[in-house]
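Below is structure02.tsv, which holds TSV, N, CA and C atoms.
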```tsv
chain	number	residue	atom	x	y	z
H	23	MET	N	-13.20	-6.00	3.92
H	23	MET	CA	-14.52	-5.53	4.28
H	23	MET	C	-15.08	-4.70	3.13
H	24	GLU	N	-16.34	-4.90	2.83
H	24	GLU	CA	-16.99	-4.20	1.74
H	24	GLU	C	-17.29	-2.75	2.11
H	25	ASN	N	-17.32	-1.91	1.09
H	25	ASN	CA	-17.74	-0.53	1.32
H	25	ASN	C	-19.20	-0.51	1.72
H	26	THR	N	-19.55	0.37	2.62
H	26	THR	CA	-20.96	0.56	2.93
H	26	THR	C	-21.58	1.36	1.79
H	27	ALA	N	-22.91	1.38	1.74
H	27	ALA	CA	-23.59	2.15	0.70
H	27	ALA	C	-23.21	3.62	0.79
H	28	LYS	N	-23.07	4.14	2.00
H	28	LYS	CA	-22.70	5.55	2.19
H	28	LYS	C	-21.29	5.81	1.65
H	29	GLU	N	-20.36	4.90	1.94
H	29	GLU	CA	-18.99	5.06	1.42
H	29	GLU	C	-18.99	5.06	-0.11
H	30	THR	N	-19.70	4.14	-0.69
H	30	THR	CA	-19.77	4.06	-2.15
H	30	THR	C	-20.36	5.33	-2.73
H	31	GLU	N	-21.40	5.85	-2.10
H	31	GLU	CA	-22.02	7.09	-2.56
H	31	GLU	C	-21.03	8.26	-2.49
H	32	ILE	N	-20.29	8.36	-1.40
H	32	ILE	CA	-19.30	9.44	-1.24
H	32	ILE	C	-18.20	9.30	-2.28
H	33	ARG	N	-17.67	8.09	-2.46
H	33	ARG	CA	-16.60	7.88	-3.44
H	33	ARG	C	-17.05	8.23	-4.85
H	34	ASN	N	-18.28	7.84	-5.19
H	34	ASN	CA	-18.81	8.18	-6.52
H	34	ASN	C	-18.96	9.68	-6.70
H	35	GLU	N	-19.42	10.37	-5.66
H	35	GLU	CA	-19.56	11.82	-5.74
H	35	GLU	C	-18.21	12.50	-5.92
H	36	LEU	N	-17.21	12.05	-5.17
H	36	LEU	CA	-15.89	12.66	-5.28
H	36	LEU	C	-15.24	12.37	-6.64
H	37	ALA	N	-15.49	11.20	-7.19
H	37	ALA	CA	-14.91	10.83	-8.48
H	37	ALA	C	-15.45	11.69	-9.63
H	38	HIS	N	-16.59	12.31	-9.43
H	38	HIS	CA	-17.16	13.17	-10.47
H	38	HIS	C	-16.48	14.53	-10.57
H	39	ASN	N	-15.59	14.82	-9.65
H	39	ASN	CA	-14.84	16.08	-9.70
H	39	ASN	C	-13.64	15.87	-10.61
H	40	ILE	N	-13.74	16.41	-11.83
H	40	ILE	CA	-12.68	16.16	-12.81
H	40	ILE	C	-12.01	17.44	-13.29
H	41	GLY	N	-12.22	18.50	-12.59
H	41	GLY	CA	-11.59	19.76	-12.97
H	41	GLY	C	-12.31	20.89	-12.28
H	42	SER	N	-11.59	21.90	-11.93
H	42	SER	CA	-12.19	23.03	-11.24
H	42	SER	C	-12.24	24.24	-12.14
H	43	GLU	N	-13.37	24.91	-12.10
H	43	GLU	CA	-13.51	26.19	-12.80
H	43	GLU	C	-12.82	27.29	-12.01
H	44	HIS	N	-12.78	27.12	-10.68
H	44	HIS	CA	-12.23	28.14	-9.79
H	44	HIS	C	-11.31	27.50	-8.76
H	45	LEU	N	-10.38	28.27	-8.26
H	45	LEU	CA	-9.56	27.86	-7.13
H	45	LEU	C	-10.00	28.68	-5.92
H	46	TYR	N	-9.92	28.06	-4.76
H	46	TYR	CA	-10.37	28.69	-3.52
H	46	TYR	C	-9.20	28.76	-2.56
H	47	HIS	N	-9.31	29.63	-1.58
H	47	HIS	CA	-8.26	29.70	-0.56
H	47	HIS	C	-8.91	29.90	0.80
H	48	HIS	N	-8.21	29.46	1.81
H	48	HIS	CA	-8.64	29.65	3.19
H	48	HIS	C	-7.93	30.90	3.71
H	49	PRO	N	-8.61	31.76	4.46
H	49	PRO	CA	-7.97	32.99	4.90
H	49	PRO	C	-6.72	32.79	5.76
H	50	LEU	N	-6.57	31.63	6.38
H	50	LEU	CA	-5.37	31.37	7.19
H	50	LEU	C	-4.15	30.98	6.36
H	51	PHE	N	-4.38	30.61	5.10
H	51	PHE	CA	-3.29	30.06	4.29
H	51	PHE	C	-3.20	30.79	2.95
H	52	LYS	N	-2.70	31.99	2.99
H	52	LYS	CA	-2.56	32.78	1.77
H	52	LYS	C	-1.54	32.12	0.84
H	53	GLY	N	-1.82	32.15	-0.43
H	53	GLY	CA	-0.92	31.57	-1.40
H	53	GLY	C	-1.12	30.08	-1.63
H	54	ILE	N	-2.00	29.47	-0.85
H	54	ILE	CA	-2.33	28.06	-1.05
H	54	ILE	C	-3.79	27.98	-1.46
H	55	HIS	N	-4.05	27.21	-2.50
H	55	HIS	CA	-5.40	27.10	-3.04
H	55	HIS	C	-5.89	25.66	-3.01
H	56	TYR	N	-7.20	25.50	-3.18
H	56	TYR	CA	-7.79	24.17	-3.29
H	56	TYR	C	-8.94	24.22	-4.27
H	57	THR	N	-9.36	23.05	-4.70
H	57	THR	CA	-10.30	22.92	-5.81
H	57	THR	C	-11.72	22.65	-5.32
H	58	GLU	N	-12.64	22.62	-6.27
H	58	GLU	CA	-14.04	22.28	-5.98
H	58	GLU	C	-14.16	20.85	-5.45
H	59	GLY	N	-13.29	19.96	-5.91
H	59	GLY	CA	-13.31	18.59	-5.39
H	59	GLY	C	-12.96	18.52	-3.91
H	60	ILE	N	-12.02	19.35	-3.49
H	60	ILE	CA	-11.67	19.40	-2.06
H	60	ILE	C	-12.84	19.95	-1.25
H	61	ILE	N	-13.52	20.95	-1.80
H	61	ILE	CA	-14.72	21.46	-1.11
H	61	ILE	C	-15.76	20.35	-0.98
H	62	ALA	N	-15.98	19.60	-2.06
H	62	ALA	CA	-16.94	18.49	-2.01
H	62	ALA	C	-16.53	17.47	-0.96
H	63	MET	N	-15.23	17.18	-0.86
H	63	MET	CA	-14.75	16.21	0.12
H	63	MET	C	-15.04	16.68	1.54
H	64	TYR	N	-14.63	17.93	1.87
H	64	TYR	CA	-14.79	18.31	3.27
H	64	TYR	C	-16.25	18.57	3.63
H	65	GLU	N	-17.07	18.97	2.66
H	65	GLU	CA	-18.50	19.14	2.96
H	65	GLU	C	-19.20	17.78	3.09
H	66	THR	N	-18.94	16.88	2.16
H	66	THR	CA	-19.58	15.56	2.17
H	66	THR	C	-19.15	14.73	3.37
H	67	CYS	N	-17.87	14.83	3.72
H	67	CYS	CA	-17.31	14.01	4.81
H	67	CYS	C	-17.31	14.75	6.15
H	68	ASN	N	-17.85	15.97	6.17
H	68	ASN	CA	-17.86	16.77	7.40
H	68	ASN	C	-16.45	16.84	7.98
H	69	ALA	N	-15.50	17.23	7.13
H	69	ALA	CA	-14.08	17.13	7.49
H	69	ALA	C	-13.33	18.45	7.32
H	70	ASN	N	-13.90	19.53	7.83
H	70	ASN	CA	-13.19	20.80	7.79
H	70	ASN	C	-11.88	20.70	8.57
H	71	TRP	N	-11.86	19.89	9.63
H	71	TRP	CA	-10.63	19.66	10.42
H	71	TRP	C	-9.52	19.13	9.53
H	72	LEU	N	-9.88	18.23	8.61
H	72	LEU	CA	-8.89	17.64	7.72
H	72	LEU	C	-8.34	18.70	6.76
H	73	LEU	N	-9.21	19.51	6.20
H	73	LEU	CA	-8.77	20.57	5.29
H	73	LEU	C	-7.77	21.49	5.99
H	74	ILE	N	-8.09	21.95	7.18
H	74	ILE	CA	-7.22	22.87	7.91
H	74	ILE	C	-5.87	22.22	8.19
H	75	ASP	N	-5.88	20.99	8.69
H	75	ASP	CA	-4.62	20.31	9.01
H	75	ASP	C	-3.78	20.03	7.76
H	76	VAL	N	-4.42	19.61	6.69
H	76	VAL	CA	-3.68	19.33	5.46
H	76	VAL	C	-3.09	20.61	4.88
H	77	LEU	N	-3.87	21.68	4.85
H	77	LEU	CA	-3.34	22.95	4.34
H	77	LEU	C	-2.16	23.43	5.18
H	78	ALA	N	-2.26	23.32	6.49
H	78	ALA	CA	-1.17	23.75	7.37
H	78	ALA	C	0.10	22.95	7.09
H	79	ASN	N	-0.04	21.65	6.94
H	79	ASN	CA	1.14	20.82	6.69
H	79	ASN	C	1.67	20.98	5.28
H	80	CYS	N	0.80	21.21	4.31
H	80	CYS	CA	1.27	21.47	2.95
H	80	CYS	C	2.07	22.76	2.90
H	81	LYS	N	1.64	23.74	3.68
H	81	LYS	CA	2.39	25.00	3.73
H	81	LYS	C	3.80	24.75	4.26
H	82	LEU	N	3.90	23.92	5.31
H	82	LEU	CA	5.21	23.60	5.88
H	82	LEU	C	6.08	22.79	4.92
H	83	LEU	N	5.44	21.96	4.11
H	83	LEU	CA	6.17	21.07	3.20
H	83	LEU	C	6.21	21.60	1.76
H	84	SER	N	5.81	22.84	1.55
H	84	SER	CA	5.63	23.37	0.19
H	84	SER	C	6.92	23.46	-0.62
H	85	HIS	N	8.08	23.26	-0.01
H	85	HIS	CA	9.32	23.24	-0.78
H	85	HIS	C	9.44	21.97	-1.63
H	86	HIS	N	8.55	20.99	-1.37
H	86	HIS	CA	8.49	19.79	-2.22
H	86	HIS	C	7.57	20.10	-3.40
H	87	PRO	N	7.99	19.78	-4.63
H	87	PRO	CA	7.18	20.14	-5.79
H	87	PRO	C	5.88	19.36	-5.91
H	88	PHE	N	5.83	18.18	-5.32
H	88	PHE	CA	4.63	17.34	-5.41
H	88	PHE	C	4.48	16.58	-4.10
H	89	ILE	N	3.29	16.61	-3.52
H	89	ILE	CA	3.03	15.88	-2.28
H	89	ILE	C	1.78	15.05	-2.47
H	90	THR	N	1.85	13.80	-2.06
H	90	THR	CA	0.68	12.92	-2.01
H	90	THR	C	0.25	12.83	-0.56
H	91	ILE	N	-1.03	13.06	-0.31
H	91	ILE	CA	-1.57	12.98	1.05
H	91	ILE	C	-2.53	11.80	1.09
H	92	LYS	N	-2.27	10.87	2.00
H	92	LYS	CA	-3.10	9.66	2.11
H	92	LYS	C	-3.67	9.56	3.52
H	93	LEU	N	-5.00	9.44	3.59
H	93	LEU	CA	-5.65	9.21	4.87
H	93	LEU	C	-5.94	7.72	4.98
H	94	HIS	N	-5.44	7.10	6.04
H	94	HIS	CA	-5.66	5.68	6.29
H	94	HIS	C	-6.57	5.52	7.50
H	95	LYS	N	-7.63	4.71	7.32
H	95	LYS	CA	-8.57	4.46	8.42
H	95	LYS	C	-9.10	3.04	8.31
H	96	SER	N	-9.01	2.32	9.41
H	96	SER	CA	-9.55	0.97	9.46
H	96	SER	C	-11.04	1.03	9.79
H	97	PRO	N	-11.84	0.17	9.17
H	97	PRO	CA	-13.27	0.18	9.47
H	97	PRO	C	-13.59	-0.27	10.90
H	98	THR	N	-12.63	-0.89	11.56
H	98	THR	CA	-12.87	-1.38	12.92
H	98	THR	C	-12.37	-0.42	14.00
H	99	GLU	N	-11.83	0.72	13.59
H	99	GLU	CA	-11.29	1.67	14.57
H	99	GLU	C	-11.83	3.07	14.30
H	100	ASN	N	-11.80	3.90	15.32
H	100	ASN	CA	-12.21	5.30	15.18
H	100	ASN	C	-11.01	6.22	15.08
H	101	SER	N	-9.85	5.67	14.80
H	101	SER	CA	-8.64	6.47	14.64
H	101	SER	C	-8.22	6.44	13.18
H	102	CYS	N	-7.33	7.35	12.83
H	102	CYS	CA	-6.80	7.36	11.47
H	102	CYS	C	-5.41	7.98	11.50
H	103	ARG	N	-4.75	7.95	10.36
H	103	ARG	CA	-3.47	8.64	10.22
H	103	ARG	C	-3.41	9.24	8.83
H	104	VAL	N	-2.80	10.41	8.76
H	104	VAL	CA	-2.63	11.11	7.49
H	104	VAL	C	-1.14	11.10	7.18
H	105	VAL	N	-0.80	10.57	6.01
H	105	VAL	CA	0.59	10.41	5.61
H	105	VAL	C	0.86	11.34	4.43
H	106	PHE	N	1.92	12.13	4.56
H	106	PHE	CA	2.36	13.03	3.49
H	106	PHE	C	3.60	12.39	2.85
H	107	GLU	N	3.54	12.19	1.53
H	107	GLU	CA	4.65	11.58	0.79
H	107	GLU	C	5.11	12.51	-0.31
H	108	ASP	N	6.30	12.26	-0.82
H	108	ASP	CA	6.89	13.13	-1.84
H	108	ASP	C	6.47	12.76	-3.27
H	109	GLY	N	5.53	11.87	-3.43
H	109	GLY	CA	5.11	11.44	-4.76
H	109	GLY	C	5.83	10.18	-5.22
H	110	ASN	N	6.91	9.81	-4.52
H	110	ASN	CA	7.67	8.59	-4.81
H	110	ASN	C	7.61	7.61	-3.65
H	111	ASN	N	6.55	7.69	-2.87
H	111	ASN	CA	6.32	6.84	-1.69
H	111	ASN	C	7.33	7.05	-0.57
H	112	ASN	N	8.06	8.16	-0.58
H	112	ASN	CA	8.94	8.51	0.53
H	112	ASN	C	8.14	9.36	1.52
H	113	ILE	N	8.03	8.88	2.74
H	113	ILE	CA	7.21	9.56	3.74
H	113	ILE	C	7.91	10.83	4.22
H	114	LEU	N	7.18	11.93	4.16
H	114	LEU	CA	7.67	13.21	4.65
H	114	LEU	C	7.19	13.46	6.08
H	115	GLN	N	5.96	13.04	6.36
H	115	GLN	CA	5.36	13.28	7.66
H	115	GLN	C	4.15	12.37	7.84
H	116	THR	N	3.92	11.93	9.08
H	116	THR	CA	2.73	11.16	9.42
H	116	THR	C	2.08	11.80	10.63
H	117	ILE	N	0.78	12.01	10.55
H	117	ILE	CA	0.03	12.59	11.66
H	117	ILE	C	-1.04	11.61	12.10
H	118	PRO	N	-0.94	11.10	13.35
H	118	PRO	CA	-1.98	10.20	13.85
H	118	PRO	C	-3.12	11.00	14.51
H	119	TYR	N	-4.31	10.50	14.36
H	119	TYR	CA	-5.50	11.06	15.02
H	119	TYR	C	-6.12	9.94	15.84
H	120	SER	N	-6.26	10.15	17.13
H	120	SER	CA	-6.75	9.08	18.00
H	120	SER	C	-8.26	8.91	17.92
H	121	CYS	N	-8.97	9.91	17.40
H	121	CYS	CA	-10.41	9.81	17.31
H	121	CYS	C	-10.91	10.58	16.09
H	122	THR	N	-11.70	9.93	15.26
H	122	THR	CA	-12.28	10.59	14.09
H	122	THR	C	-13.59	9.92	13.71
H	123	ASP	N	-14.44	10.68	13.08
H	123	ASP	CA	-15.69	10.14	12.53
H	123	ASP	C	-15.66	10.19	11.00
H	124	PHE	N	-14.45	10.27	10.43
H	124	PHE	CA	-14.33	10.33	8.98
H	124	PHE	C	-15.05	9.13	8.37
H	125	PRO	N	-15.92	9.35	7.38
H	125	PRO	CA	-16.81	8.28	6.92
H	125	PRO	C	-16.20	7.25	5.96
H	126	LEU	N	-14.99	7.51	5.45
H	126	LEU	CA	-14.38	6.57	4.50
H	126	LEU	C	-13.33	5.72	5.20
H	127	ASN	N	-13.22	4.48	4.78
H	127	ASN	CA	-12.24	3.54	5.32
H	127	ASN	C	-11.30	3.09	4.22
H	128	ASP	N	-10.13	2.57	4.62
H	128	ASP	CA	-9.22	1.98	3.63
H	128	ASP	C	-9.96	0.93	2.82
H	129	GLN	N	-9.58	0.79	1.57
H	129	GLN	CA	-10.21	-0.17	0.67
H	129	GLN	C	-9.27	-1.34	0.43
H	130	VAL	N	-9.84	-2.51	0.31
H	130	VAL	CA	-9.07	-3.69	-0.08
H	130	VAL	C	-9.31	-3.91	-1.56
H	131	ILE	N	-8.21	-3.94	-2.32
H	131	ILE	CA	-8.29	-4.16	-3.76
H	131	ILE	C	-7.90	-5.61	-4.03
H	132	LYS	N	-8.80	-6.34	-4.66
H	132	LYS	CA	-8.56	-7.75	-4.97
H	132	LYS	C	-8.35	-7.90	-6.46
H	133	ARG	N	-7.28	-8.59	-6.82
H	133	ARG	CA	-7.01	-8.93	-8.21
H	133	ARG	C	-6.70	-10.41	-8.29
H	134	ASP	N	-7.22	-11.04	-9.32
H	134	ASP	CA	-7.01	-12.47	-9.48
H	134	ASP	C	-5.52	-12.81	-9.50
H	135	GLY	N	-5.14	-13.78	-8.68
H	135	GLY	CA	-3.77	-14.26	-8.68
H	135	GLY	C	-2.78	-13.36	-7.96
H	136	GLU	N	-3.24	-12.26	-7.40
H	136	GLU	CA	-2.34	-11.35	-6.68
H	136	GLU	C	-2.81	-11.22	-5.23
H	137	PRO	N	-1.87	-10.92	-4.34
H	137	PRO	CA	-2.28	-10.70	-2.95
H	137	PRO	C	-3.15	-9.44	-2.84
H	138	ASP	N	-4.06	-9.46	-1.86
H	138	ASP	CA	-4.89	-8.29	-1.63
H	138	ASP	C	-4.01	-7.08	-1.33
H	139	LYS	N	-4.45	-5.94	-1.81
H	139	LYS	CA	-3.69	-4.70	-1.62
H	139	LYS	C	-4.62	-3.69	-0.96
H	140	LYS	N	-4.08	-2.92	-0.02
H	140	LYS	CA	-4.88	-1.90	0.64
H	140	LYS	C	-4.66	-0.54	-0.02
H	141	ALA	N	-5.76	0.16	-0.25
H	141	ALA	CA	-5.70	1.53	-0.77
H	141	ALA	C	-6.19	2.46	0.32
H	142	PRO	N	-5.63	3.66	0.39
H	142	PRO	CA	-6.05	4.60	1.43
H	142	PRO	C	-7.53	4.94	1.34
H	143	ALA	N	-8.08	5.37	2.45
H	143	ALA	CA	-9.47	5.82	2.48
H	143	ALA	C	-9.65	7.04	1.59
H	144	LEU	N	-8.64	7.91	1.56
H	144	LEU	CA	-8.69	9.12	0.75
H	144	LEU	C	-7.29	9.48	0.32
H	145	THR	N	-7.16	9.94	-0.91
H	145	THR	CA	-5.88	10.44	-1.42
H	145	THR	C	-6.11	11.83	-1.99
H	146	MET	N	-5.16	12.71	-1.71
H	146	MET	CA	-5.17	14.07	-2.28
H	146	MET	C	-3.76	14.36	-2.77
H	147	TYR	N	-3.65	15.34	-3.66
H	147	TYR	CA	-2.35	15.79	-4.16
H	147	TYR	C	-2.19	17.28	-3.84
H	148	PHE	N	-0.94	17.67	-3.65
H	148	PHE	CA	-0.61	19.09	-3.50
H	148	PHE	C	0.54	19.40	-4.44
H	149	THR	N	0.29	20.25	-5.42
H	149	THR	CA	1.31	20.63	-6.38
H	149	THR	C	1.02	22.04	-6.87
H	150	ASN	N	2.06	22.80	-7.17
H	150	ASN	CA	1.90	24.18	-7.63
H	150	ASN	C	1.01	25.00	-6.70
H	151	SER	N	1.12	24.74	-5.39
H	151	SER	CA	0.36	25.44	-4.34
H	151	SER	C	-1.14	25.20	-4.42
H	152	VAL	N	-1.54	24.06	-5.01
H	152	VAL	CA	-2.95	23.72	-5.12
H	152	VAL	C	-3.19	22.32	-4.55
H	153	LEU	N	-4.18	22.20	-3.66
H	153	LEU	CA	-4.61	20.92	-3.12
H	153	LEU	C	-5.78	20.42	-3.96
H	154	LEU	N	-5.70	19.17	-4.44
H	154	LEU	CA	-6.73	18.65	-5.31
H	154	LEU	C	-6.90	17.14	-5.14
H	155	LEU	N	-8.01	16.64	-5.65
H	155	LEU	CA	-8.27	15.20	-5.65
H	155	LEU	C	-7.57	14.58	-6.86
H	156	PRO	N	-7.25	13.29	-6.78
H	156	PRO	CA	-6.60	12.63	-7.93
H	156	PRO	C	-7.42	12.74	-9.23
H	157	SER	N	-8.74	12.72	-9.13
H	157	SER	CA	-9.56	12.83	-10.34
H	157	SER	C	-9.47	14.21	-10.99
H	158	GLU	N	-8.93	15.18	-10.26
H	158	GLU	CA	-8.79	16.54	-10.80
H	158	GLU	C	-7.39	16.81	-11.34
H	159	TYR	N	-6.49	15.86	-11.17
H	159	TYR	CA	-5.10	16.06	-11.57
H	159	TYR	C	-4.93	15.95	-13.07
```

Please go through the file and, once you have read it, give me the structure as structure tokens.
Amino acid sequence: MENTAKETEIRNELAHNIGSEHLYHHPLFKGIHYTEGIIAMYETCNANWLLIDVLANCKLLSHHPFITIKLHKSPTENSCRVVFEDGNNNILQTIPYSCTDFPLNDQVIKRDGEPDKKAPALTMYFTNSVLLLPSEY
């Protein structure tokens, strides 16, 4: 399924975050920071719920030096799941959400001569107590 114009606009906006001048923190999660790209994500996607849940789980999993967070959402469903991995595709935790209005869906990547591959709707990294977008890494 093709990205909608809104999805493409959001993805382009998030991709422009290539470094943060400042780190931010949520008052509930001292010692954990996030970047301007994460702010852009939760404001653009109206996903403060996602920020809170990801920060809470990163705090619990912070003994891992690097965590990849992947949000998977099908365009035909209103549910999603957030998967926390150790950076080597080993799943640390999966959290299902039965209802969401998150605006991004999983992407299908097509390459000539290769089977279609699915990419998550959103990917984030957590390392050195900082949550960031891949473009900011």

So that I can check the surroundings of stretch 104-107 of chain H, please list as a CSV table (one decimal) with N, CA and C atoms, keeping the file's coordinate frame every protein, DNA and RNA residue that reaches within 6.5 Å of it, counting all atoms listed in the file and ignoring chain neighbours fewer than 2 positions away.
```csv
chain,number,residue,atom,x,y,z
H,88,PHE,N,5.8,18.2,-5.3
H,88,PHE,CA,4.6,17.3,-5.4
H,88,PHE,C,4.5,16.6,-4.1
H,89,ILE,N,3.3,16.6,-3.5
H,89,ILE,CA,3.0,15.9,-2.3
H,89,ILE,C,1.8,15.0,-2.5
H,90,THR,N,1.8,13.8,-2.1
H,90,THR,CA,0.7,12.9,-2.0
H,90,THR,C,0.2,12.8,-0.6
H,91,ILE,N,-1.0,13.1,-0.3
H,91,ILE,CA,-1.6,13.0,1.0
H,91,ILE,C,-2.5,11.8,1.1
H,92,LYS,N,-2.3,10.9,2.0
H,92,LYS,CA,-3.1,9.7,2.1
H,92,LYS,C,-3.7,9.6,3.5
H,93,LEU,N,-5.0,9.4,3.6
H,93,LEU,CA,-5.6,9.2,4.9
H,93,LEU,C,-5.9,7.7,5.0
H,94,HIS,N,-5.4,7.1,6.0
H,94,HIS,CA,-5.7,5.7,6.3
H,94,HIS,C,-6.6,5.5,7.5
H,102,CYS,N,-7.3,7.4,12.8
H,102,CYS,CA,-6.8,7.4,11.5
H,102,CYS,C,-5.4,8.0,11.5
H,109,GLY,N,5.5,11.9,-3.4
H,109,GLY,CA,5.1,11.4,-4.8
H,109,GLY,C,5.8,10.2,-5.2
H,110,ASN,N,6.9,9.8,-4.5
H,110,ASN,CA,7.7,8.6,-4.8
H,110,ASN,C,7.6,7.6,-3.6
H,111,ASN,N,6.6,7.7,-2.9
H,111,ASN,CA,6.3,6.8,-1.7
H,111,ASN,C,7.3,7.0,-0.6
H,112,ASN,N,8.1,8.2,-0.6
H,112,ASN,CA,8.9,8.5,0.5
H,112,ASN,C,8.1,9.4,1.5
H,113,ILE,N,8.0,8.9,2.7
H,113,ILE,CA,7.2,9.6,3.7
H,113,ILE,C,7.9,10.8,4.2
H,114,LEU,N,7.2,11.9,4.2
H,114,LEU,CA,7.7,13.2,4.6
H,114,LEU,C,7.2,13.5,6.1
H,115,GLN,N,6.0,13.0,6.4
H,115,GLN,CA,5.4,13.3,7.7
H,115,GLN,C,4.2,12.4,7.8
H,116,THR,N,3.9,11.9,9.1
H,116,THR,CA,2.7,11.2,9.4
H,116,THR,C,2.1,11.8,10.6
H,117,ILE,N,0.8,12.0,10.6
H,117,ILE,CA,0.0,12.6,11.7
H,117,ILE,C,-1.0,11.6,12.1
H,118,PRO,N,-0.9,11.1,13.4
H,118,PRO,CA,-2.0,10.2,13.8
H,118,PRO,C,-3.1,11.0,14.5
H,119,TYR,N,-4.3,10.5,14.4
H,119,TYR,CA,-5.5,11.1,15.0
H,119,TYR,C,-6.1,9.9,15.8
```

Would you mind listing, for every residue of stretch 82-125 of chain H within 12 Å of stretch 63-69 of chain H, the two atoms forming the shortest contact and the distance between them in Å to one decimal, using only C-alpha atoms, sorted by chain and ascending residue number, as a Markdown table?
```
| residue | atom | partner | partner_atom | distance |
| --- | --- | --- | --- | --- |
| H:Leu93 | CA | H:Ala69 | CA | 11.9 |
| H:Thr122 | CA | H:Ala69 | CA | 9.5 |
| H:Asp123 | CA | H:Asn68 | CA | 8.7 |
| H:Phe124 | CA | H:Cys67 | CA | 6.3 |
| H:Pro125 | CA | H:Cys67 | CA | 6.1 |
```

Next, dump the selected residues to file, keeping only N, CA and C atoms, as an mmCIF file, in the coordinates of the input.
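Contents of the output file part-v6.cif:
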```
data_model
loop_
_atom_site.group_PDB
_atom_site.id
_atom_site.type_symbol
_atom_site.label_atom_id
_atom_site.label_comp_id
_atom_site.auth_asym_id
_atom_site.auth_seq_id
_atom_site.Cartn_x
_atom_site.Cartn_y
_atom_site.Cartn_z
ATOM 1 N N LEU H 93 -5.000 9.440 3.590
ATOM 2 C CA LEU H 93 -5.650 9.210 4.870
ATOM 3 C C LEU H 93 -5.940 7.720 4.980
ATOM 4 N N THR H 122 -11.700 9.930 15.260
ATOM 5 C CA THR H 122 -12.280 10.590 14.090
ATOM 6 C C THR H 122 -13.590 9.920 13.710
ATOM 7 N N ASP H 123 -14.440 10.680 13.080
ATOM 8 C CA ASP H 123 -15.690 10.140 12.530
ATOM 9 C C ASP H 123 -15.660 10.190 11.000
ATOM 10 N N PHE H 124 -14.450 10.270 10.430
ATOM 11 C CA PHE H 124 -14.330 10.330 8.980
ATOM 12 C C PHE H 124 -15.050 9.130 8.370
ATOM 13 N N PRO H 125 -15.920 9.350 7.380
ATOM 14 C CA PRO H 125 -16.810 8.280 6.920
ATOM 15 C C PRO H 125 -16.200 7.250 5.960
#
```

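The interatomic distance for the pair atom CA of H:Thr57 and atom N of H:Val130 works out to 26.2 Å.
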
So that all listed atoms of stretch 24-42 of chain H fit with 6 Å spare on each side, what axis-aligned box centre and edge lengths in Å, to one decimal, would you give as lines of an AutoDock Vina configuration file?
```
center_x = -17.6
center_y = 9.7
center_z = -5.2
size_x = 24.0
size_y = 41.1
size_z = 28.2
```

Practice prompt. Rank H:Leu126, H:Leu72, H:Val152, H:Ile131 by their smallest atom-to-atom distance to H:Ser96, using only N, CA and C atoms, and report the top residue only.
Written response: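 Looking only at the distances to H:Ser96, the closest residue turns out to be H:Leu126.
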
Fill in: Of the listed residues H:Ile32, H:Ile54, H:Ile60, H:Ala78, that which approaches H:Glu158 most closely, counting only C-alpha atoms
H:Ile60

Discussion item. What's around H:Ser151 at 7 Å? Count only N, CA and C atoms, leave out sequence neighbours fewer than 5 positions away in its own chain, and write the answer as a list in words.
Written reply: Gly53, Ile54, His55 and Tyr56 of chain H

Any chance you could export the current selection's N, CA and C atoms as a CSV table (one decimal), in the coordinates of the input?
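The result, written out as out-v1.csv:
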```csv
chain,number,residue,atom,x,y,z
H,53,GLY,N,-1.8,32.2,-0.4
H,53,GLY,CA,-0.9,31.6,-1.4
H,53,GLY,C,-1.1,30.1,-1.6
H,54,ILE,N,-2.0,29.5,-0.8
H,54,ILE,CA,-2.3,28.1,-1.0
H,54,ILE,C,-3.8,28.0,-1.5
H,55,HIS,N,-4.0,27.2,-2.5
H,55,HIS,CA,-5.4,27.1,-3.0
H,55,HIS,C,-5.9,25.7,-3.0
H,56,TYR,N,-7.2,25.5,-3.2
H,56,TYR,CA,-7.8,24.2,-3.3
H,56,TYR,C,-8.9,24.2,-4.3
```

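In this structure, atom CA of H:Gly41 sits 28.6 Å away from atom C of H:Lys132.
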
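In this model, the gap between atom CA of H:Glu31 and atom CA of H:Gln129 comes to 14.2 Å.
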
Discussion item. I want to know what sits within 9 Å of H:Cys121, based on only C-alpha atoms, with residues of the same chain fewer than 6 positions away left out; could you give that as an MDAnalysis selection string?
Written reply: chainID H and resid 99:102

Practice prompt. Just the strand (DSSP E) stuff from chain H, please, per backbone DSSP, written as a PyMOL selection string.
Written response: chain H and resi 55-56+88-95+102-107+113-119+129-131+139-141+144-149+152-154

Discussion item. Considering only helix (DSSP H, G or I) as DSSP defines it on the backbone, what residues of chain H qualify? List them as a PyMOL selection string.
Written reply: chain H and resi 27-37+58-66+70-82+156-158

Discussion item. From the options H:Ser42, H:Asn34, H:Ser84, H:Asn70, which residue's atoms come nearest to H:Phe148, counting all atoms listed in the file?
Written reply: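 Closest to H:Phe148, using all atoms listed in the file: H:Ser84.
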
Item to complete: Please write as a list in words the list of polymer residues whose atoms come within 10 Å of (-7.9, 11.6, -8.2), counting only C-alpha atoms and keeping to the coordinates of the file.
Response: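 Those residues, ordered by chain and then number, are Leu36, Ala37, His38, Asn39, Ile40, Gly59, Leu144, Thr145, Met146, Tyr147, Leu154, Leu155, Pro156, Ser157, Glu158 and Tyr159 of chain H.
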